[in-house]
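Trainee: What follows is a single structure, and I will ask about it in a moment.
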Amino acid sequence: MSRKTITPLHTALVFALLLVLISTKAVADESLERYNPGLTLADVSLPVNPKKAGVAVTVIDKQMIKASGARTIGDILRIVPGVTTGYRFGHSLSIGTQGGAEEFSRRINITVDDRSIFTPTTGSLISFNIVPLEDVERIEVYRGPNQSEFGSNSMLLTIKIFTAYAAERQGTELSFRKGTNGIKDTYVQHGGKIGDLYISGSFNQTNDDGLVHRADDTHKQQVFVRADYQPTLDDQISTNFGAAKSDIDVWVSSNLNSDDHSASDGTWFLSSTWTHMINDSTYFTANLSHTYLERESEYLTAPVSKAVGRLYWDIGYDFHSTTSEFALTKKFDFVEISGGTKYSHDTVTSNSLFKDKDYELDHNTYYTNQIWNLTDTTTLHTGLEAETSSEFEENTFVQSISLVQDVGMRNSFRIGFSKGSRFPLLYEQESGRKAYLIDKRMTPAYDVYNTEKLDPEKMRTYEIAWMYSSLDKTLSSELRYYMNKYDNMVGYTSVPNPGVLSQTGNTVTTAKNFLNTGTVKGIEASIDWRPTSEILLVASGSYTDVDSYIDPTTYNNNIGESSPSTIFAILGQYSFDNDWRVGGMYNRVQGFNWSNGWKLETQHNLDAFVEKCFGGITATKFCTKLAGSNLLGHQSNFRPEAYSPTAYWMEASLTF
């Protein structure tokens with residue numbers, strides 16, 4: 001396989017040229033710029049407006065997060081139209097949407113404060129490398145491969161998580177939660193100021209027993225720190241640091257006829273972003289980050305057979321990723337242009353996941369987006385992205401175009417087309433997952449061993465949508481119809497053994513490209529109603545029809561199967577007497593297919609809470625909460641034999 005050496009030098013040259021061109025254009029159009037409304041640092045950090053955006057986007061704000069009663073980020077994502085979440089283990093979130101639903105969340109990208117949690121090397125690190133839910137200010141979820149600047153894997157969903165500014169997290173907050181299923185959570189947060197530097201830090205400890213019928217209890221400690229500094233009116237510098245340690249999936253047997261499990265995750269990251277206003281129509285953003293993850297996972301099976309005996313797995317890995325991103329945005333009267341580049345250098349080491357022990361990979365991404373103001377009521381959104389990888393000869397490309405038409409003050413319509421792609425993961429291309437035959441002198445035996453040269457995945461999306469927003473902003477809604485065409489997808493299939501010792505004898509499982517795998521058609525709807533500050537009601541629904549052209553007997557997983565499914569979710573909150581609050585979230589899924597072949601017939605899920613607070617808005621405030629999850633019974637998940645149990649807990653919090 002060709003391994004190209006890519007350096008960031010040409011990236012810097014291209015970006016410098018872009019800066020010169022836009023700066024030159026700014027001087028030439030100086031007289032035109034006098035009529036621009038002007039941009040400030042506050043404008044840069046504003047949430048996207050779904051009614052004006054050129055893509056389908058759901059904004060989950062702080063009020064919605066609190067109203068849901070959610071204990072994890074995965075739970076709150078169920079309010080997004082067409083999205084369902086499940087767990088392979090109690091600690092490992094899986095996300096399904098738009099006919100793509102499998103264990104490792106391929107085709108989904110996640111960022112925290114513009115730091116990507118997804119890496120083309122190992123996939124979405126969504127189990128533990130996320131900040132505590134209490135520190136999250138809002139979540140923006142982009143549906144479809146429409147956002148060109150997000151890069152590889154942004155095919156079905158891009159989830160952008162934003163934490164609160166340190167200036168908004170001043171003072172101290174303490175909370176403690178204890179309940180059934182081993183729930184015992186602690187959260188401590190404090191914010192202060194040193195001159196013009198605002199700092200906020202939190203410590204979060206999470207404990208629970210995970211799923212029923214699995215030994216996967218979770219014990220996690222997590223630290224998150226954010227610092228914000230504004231040295232001038234035109235500059236903003238933000239730095240995030242996070243670290244987490246988790247002990248998961250622990251079980252030690254008392255005899256040789258049981259399974260032994262032991263797993264843990266240790267991770268930390270450091271990320272810094274600088275935003276500079278060049279003038280009132282141009283700004284520049286730079287982000288540098290480093291992420292480290294050490295995953296340890298050991299598994300000793302009961303005897304498989306007399307011929308095989310016991311299998312010992314040691315499938316952990318060490319992962320480092322250093323990334324940089326530079327972006328420039330220029331606003332003219334008739335068009336807003338943004339462009340940028342990303343570079344990442346990843347290293348991964350594993351003794352039992354890949355064909356080789358050590359890998360180094362480089363990825364470069366170049367993107368540009370434009371918002372053309374054709375008329376006062378018509379905007380055209382265009383975007384282009386290209387990405388290279390040292391692991392693959394072929395590059396990936398994203399193209400998007402959409403037209404947004406305002407009709408009066410309340411309504412707007414959008415029609416769009418986009419093409420998405422993603423690089424296969426290193427795990428897919430270089431799979432060499434092996435176990436050791438402990439009763440046969442630790443001889444290695446493979447169950448997954450890649451024999452194919454993989455090409456990037458490719459898909460197309462067509463959509464039309466209607467958005468409504470009342471003049472007083474108390475009611476907003478969206479209705480969207482889309483069609484996804486999966487032109488080239490990566491799935492797993494059995495192939496003849498290439499000459500390794502395999503647990504399955506004459507065959508091994510390998511990743512492989514499948515062409516023209518299927519078509520997904522769907523309707524998504526959402527409504528957000530906030531008539532007063534005491535009432536919040538958000539609902540979403542979807543109907544999805546998957547037409548798969550692949551014989552289910554020819555592959556193992558990672559490609560959606562033919563099935564119509566419906567998803568409905570409603571989130572609500574009511575506050576009364578200024579110190580009482582009730583709320584929760586209901587979710588119903590019917591006819592949903594995870595791509596490992598398990599079909600979820602019907603699932604009803606209800607989370608609810610009641611809260612009583614004492615104290616004023618600015619003074620010390622003490623709150624108590626009684627909450628429950630899965631109140632309608634155990635909730636099915638990614639694995640049919642394991643369930644999320646009904647759980648109840650009490651929570652007490654103090655802010656001052």
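Ordered as shown in the structure tokens, chains take letters A, B, and onward, while each chain numbers its residues from 1 and ligands are numbered from 1 in the order shown.
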Enumerate as a ChimeraX atom specification all residues of segment 25-113 of chain A assigned to strand (DSSP E) by DSSP on the backbone, naming them with the chain letters and numbers the document uses.

Mentor: /A:56-61,84-89,92-97,100-101,108-112

Trainee: If you count only C-alpha atoms, which residues fall within 12 Å of Arg441 of chain A, apart from same-chain ones fewer than 5 positions away, as a CSV table (one decimal) with C-alpha atoms, in the first residue's frame?

Mentor:
```
chain,number,residue,atom,x,y,z
A,308,VAL,CA,-9.4,-24.4,20.7
A,309,GLY,CA,-9.5,-24.2,24.5
A,310,ARG,CA,-9.5,-20.8,26.1
A,311,LEU,CA,-9.0,-17.6,24.1
A,312,TYR,CA,-7.1,-14.6,25.6
A,436,TYR,CA,-4.1,-16.1,21.8
```

Trainee: Could you please determine the separation between atom CA of Val610 of chain A and atom CA of Thr85 of chain A in Å, to one decimal place?

Mentor: 24.4 Å

Trainee: Please provide the set of residues having any atom within 6 Å of Asp318 of chain A, restricted to only C-alpha atoms, with same-chain residues fewer than 3 positions apart removed, written as a list in words.

Mentor: Leu293, Glu294, Val348 and Thr349 of chain A

Trainee: Next, the residues of the selection above should be written as a tab-separated table (two decimals), in the first residue's frame with all heavy atoms.

Mentor:
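The result, stored in selection-v4.tsv:
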```tsv
chain	number	residue	atom	x	y	z
A	293	LEU	N	-4.95	8.86	24.11
A	293	LEU	CA	-5.85	7.85	24.64
A	293	LEU	C	-5.10	6.54	24.82
A	293	LEU	O	-4.44	6.06	23.89
A	293	LEU	CB	-7.05	7.63	23.72
A	293	LEU	CG	-7.99	6.48	24.11
A	293	LEU	CD1	-8.70	6.78	25.41
A	293	LEU	CD2	-9.00	6.20	23.00
A	294	GLU	N	-5.21	5.97	26.00
A	294	GLU	CA	-4.68	4.64	26.27
A	294	GLU	C	-5.85	3.74	26.63
A	294	GLU	O	-6.51	3.96	27.65
A	294	GLU	CB	-3.67	4.66	27.43
A	294	GLU	CG	-3.12	3.28	27.76
A	294	GLU	CD	-2.26	3.28	29.00
A	294	GLU	OE1	-2.40	4.22	29.82
A	294	GLU	OE2	-1.45	2.36	29.16
A	348	VAL	N	-0.42	5.37	16.39
A	348	VAL	CA	-1.18	4.36	17.12
A	348	VAL	C	-0.31	3.12	17.27
A	348	VAL	O	0.42	2.74	16.35
A	348	VAL	CB	-2.51	4.03	16.40
A	348	VAL	CG1	-2.26	3.46	15.00
A	348	VAL	CG2	-3.36	3.08	17.22
A	349	THR	N	-0.39	2.51	18.44
A	349	THR	CA	0.37	1.31	18.75
A	349	THR	C	-0.56	0.28	19.36
A	349	THR	O	-1.32	0.58	20.28
A	349	THR	CB	1.51	1.61	19.74
A	349	THR	OG1	2.37	2.60	19.19
A	349	THR	CG2	2.31	0.35	20.03
```

Trainee: When you draw a straight line from atom CA of Phe397 of chain A to atom CA of Gln370 of chain A, how long is it in Å?

Mentor: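 Distance reported for this atom pair: 16.6 Å.
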
Trainee: Taking only residues of segment 498-608 of chain A that have an atom at most 7 Å from an atom of segment 69-74 of chain A, what is each one's shortest atom pair and its distance in Å to one decimal, using only C-alpha atoms, in chain and number order, as JSON lines?

Mentor:
```
{"residue": "A:Gly583", "atom": "CA", "partner": "A:Gly69", "partner_atom": "CA", "distance": 6.9}
{"residue": "A:Gly584", "atom": "CA", "partner": "A:Gly69", "partner_atom": "CA", "distance": 5.4}
{"residue": "A:Asp607", "atom": "CA", "partner": "A:Gly69", "partner_atom": "CA", "distance": 6.7}
{"residue": "A:Ala608", "atom": "CA", "partner": "A:Gly69", "partner_atom": "CA", "distance": 6.3}
```

Trainee: Got time to write the residues from that selection, all heavy atoms, as a PDB file, in the first residue's frame?

Mentor:
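Resulting contents of part-v5.pdb:
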```pdb
ATOM      1  N   GLY A 583     -40.057  18.040  34.445  1.00  0.00           N
ATOM      2  CA  GLY A 583     -39.699  17.875  33.044  1.00  0.00           C
ATOM      3  C   GLY A 583     -39.303  16.454  32.734  1.00  0.00           C
ATOM      4  O   GLY A 583     -39.349  15.565  33.591  1.00  0.00           O
ATOM      5  N   GLY A 584     -38.877  16.260  31.522  1.00  0.00           N
ATOM      6  CA  GLY A 584     -38.445  14.937  31.103  1.00  0.00           C
ATOM      7  C   GLY A 584     -38.510  14.765  29.606  1.00  0.00           C
ATOM      8  O   GLY A 584     -38.757  15.718  28.849  1.00  0.00           O
ATOM      9  N   ASP A 607     -37.894   9.309  30.535  1.00  0.00           N
ATOM     10  CA  ASP A 607     -37.112   9.872  31.633  1.00  0.00           C
ATOM     11  C   ASP A 607     -37.888  11.063  32.188  1.00  0.00           C
ATOM     12  O   ASP A 607     -38.465  11.851  31.416  1.00  0.00           O
ATOM     13  CB  ASP A 607     -35.733  10.342  31.160  1.00  0.00           C
ATOM     14  CG  ASP A 607     -34.916   9.219  30.552  1.00  0.00           C
ATOM     15  OD1 ASP A 607     -35.227   8.044  30.830  1.00  0.00           O
ATOM     16  OD2 ASP A 607     -33.977   9.520  29.791  1.00  0.00           O
ATOM     17  N   ALA A 608     -37.921  11.221  33.501  1.00  0.00           N
ATOM     18  CA  ALA A 608     -38.684  12.306  34.110  1.00  0.00           C
ATOM     19  C   ALA A 608     -38.035  12.739  35.411  1.00  0.00           C
ATOM     20  O   ALA A 608     -37.263  11.977  36.023  1.00  0.00           O
ATOM     21  CB  ALA A 608     -40.134  11.888  34.351  1.00  0.00           C
TER      22      ALA A 608
END
```

Trainee: Go through A:Val582, A:Leu380, A:Leu133, A:Leu77 and flag the residue nearest Gln222 of chain A, using only C-alpha atoms for the distances.

Mentor: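 For Gln222 of chain A, the nearest of the given residues is A:Leu133.
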
Trainee: At a cut-off of 7 Å, using only C-alpha atoms, what residues contact Ser421 of chain A? Leave out same-chain residues fewer than 3 positions from it and give the result as an MDAnalysis selection string.

Mentor: chainID A and resid 152:153 155 396:398 456:459

Trainee: Distance atom CA of Phe568 of chain A-atom CA of Val589 of chain A, one decimal place?

Mentor: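 Atom CA of Val589 of chain A lies 6.6 Å from atom CA of Phe568 of chain A.
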
Trainee: Please provide as a list of chain:residue names all residues within 9 Å of segment 570-573 of chain A, with the sequence filter that same-chain residues fewer than 6 positions apart are discarded (counting only C-alpha atoms).

Mentor: A:Met64, A:Lys66, A:Ala67, A:Ser68, A:Ile79, A:Glu534, A:Ile535, A:Leu536, A:Leu537, A:Val538, A:Ala539, A:Ser540, A:Gly541, A:Arg581, A:Val582, A:Gly583, A:Gly584, A:Met585, A:Tyr586, A:Asn587

Trainee: Could you take the residues named above and write them with N, CA, C and O atoms, as a compact mmCIF listing (two decimals), in the first residue's frame?

Mentor:
```
# COMPACT_ATOMS: atom_id res chain seq x y z
N MET A 64 -32.81 23.14 26.96
CA MET A 64 -33.25 21.81 26.55
C MET A 64 -32.49 20.72 27.29
O MET A 64 -33.06 19.69 27.66
N LYS A 66 -31.23 20.86 30.31
CA LYS A 66 -31.76 20.78 31.67
C LYS A 66 -33.16 20.18 31.70
O LYS A 66 -33.51 19.43 32.60
N ALA A 67 -33.96 20.53 30.70
CA ALA A 67 -35.35 20.05 30.67
C ALA A 67 -35.44 18.56 30.41
O ALA A 67 -36.40 17.90 30.83
N SER A 68 -34.46 17.98 29.73
CA SER A 68 -34.52 16.56 29.38
C SER A 68 -34.33 15.66 30.59
O SER A 68 -34.78 14.51 30.58
N ILE A 79 -33.44 13.70 20.91
CA ILE A 79 -34.40 14.72 20.49
C ILE A 79 -34.15 15.18 19.06
O ILE A 79 -34.99 15.82 18.44
N GLU A 534 -41.56 29.85 31.53
CA GLU A 534 -41.88 28.70 32.37
C GLU A 534 -42.17 27.44 31.57
O GLU A 534 -42.20 26.34 32.13
N ILE A 535 -42.43 27.57 30.27
CA ILE A 535 -42.87 26.43 29.47
C ILE A 535 -41.90 26.19 28.32
O ILE A 535 -41.51 27.12 27.60
N LEU A 536 -41.52 24.95 28.14
CA LEU A 536 -40.70 24.51 27.01
C LEU A 536 -41.25 23.20 26.51
O LEU A 536 -41.50 22.28 27.28
N LEU A 537 -41.45 23.11 25.18
CA LEU A 537 -41.92 21.87 24.56
C LEU A 537 -41.22 21.70 23.22
O LEU A 537 -41.34 22.55 22.34
N VAL A 538 -40.47 20.62 23.08
CA VAL A 538 -39.76 20.32 21.84
C VAL A 538 -40.12 18.90 21.43
O VAL A 538 -40.10 17.99 22.27
N ALA A 539 -40.46 18.72 20.17
CA ALA A 539 -40.83 17.39 19.67
C ALA A 539 -40.19 17.16 18.31
O ALA A 539 -39.96 18.10 17.54
N SER A 540 -39.88 15.90 18.01
CA SER A 540 -39.34 15.54 16.70
C SER A 540 -39.86 14.17 16.31
O SER A 540 -40.20 13.35 17.17
N GLY A 541 -39.94 13.94 15.01
CA GLY A 541 -40.38 12.65 14.51
C GLY A 541 -39.77 12.38 13.15
O GLY A 541 -39.33 13.30 12.44
N ARG A 581 -39.87 22.76 39.40
CA ARG A 581 -39.68 22.48 37.98
C ARG A 581 -39.91 20.99 37.75
O ARG A 581 -39.38 20.14 38.48
N VAL A 582 -40.70 20.66 36.74
CA VAL A 582 -40.92 19.28 36.33
C VAL A 582 -40.59 19.17 34.85
O VAL A 582 -40.80 20.11 34.08
N GLY A 583 -40.06 18.04 34.45
CA GLY A 583 -39.70 17.88 33.04
C GLY A 583 -39.30 16.45 32.73
O GLY A 583 -39.35 15.57 33.59
N GLY A 584 -38.88 16.26 31.52
CA GLY A 584 -38.45 14.94 31.10
C GLY A 584 -38.51 14.77 29.61
O GLY A 584 -38.76 15.72 28.85
N MET A 585 -38.30 13.53 29.18
CA MET A 585 -38.20 13.23 27.75
C MET A 585 -38.77 11.85 27.49
O MET A 585 -38.50 10.90 28.22
N TYR A 586 -39.58 11.76 26.42
CA TYR A 586 -40.15 10.49 25.99
C TYR A 586 -39.64 10.18 24.59
O TYR A 586 -39.55 11.07 23.72
N ASN A 587 -39.30 8.91 24.36
CA ASN A 587 -38.75 8.49 23.07
C ASN A 587 -39.37 7.15 22.67
O ASN A 587 -39.47 6.25 23.48
```

Trainee: If we count only C-alpha atoms, what is near Asn484 of chain A at a cut-off of 9 Å, once residues fewer than 6 positions away on the same chain are taken out, given as a VMD selection string?

Mentor: chain A and resid 98 to 99 144 459 to 463 518 to 522

Trainee: Please identify all polymer residues within 10 Å of segment 422-429 of chain A, counting only C-alpha atoms, omitting same-chain residues fewer than 4 positions from it, and present them as a PyMOL selection string.

Mentor: chain A and resi 106-108+119-123+151-155+348+353-355+359+361+387-389+391-392+394-398+433+448-459+489-492+510-513
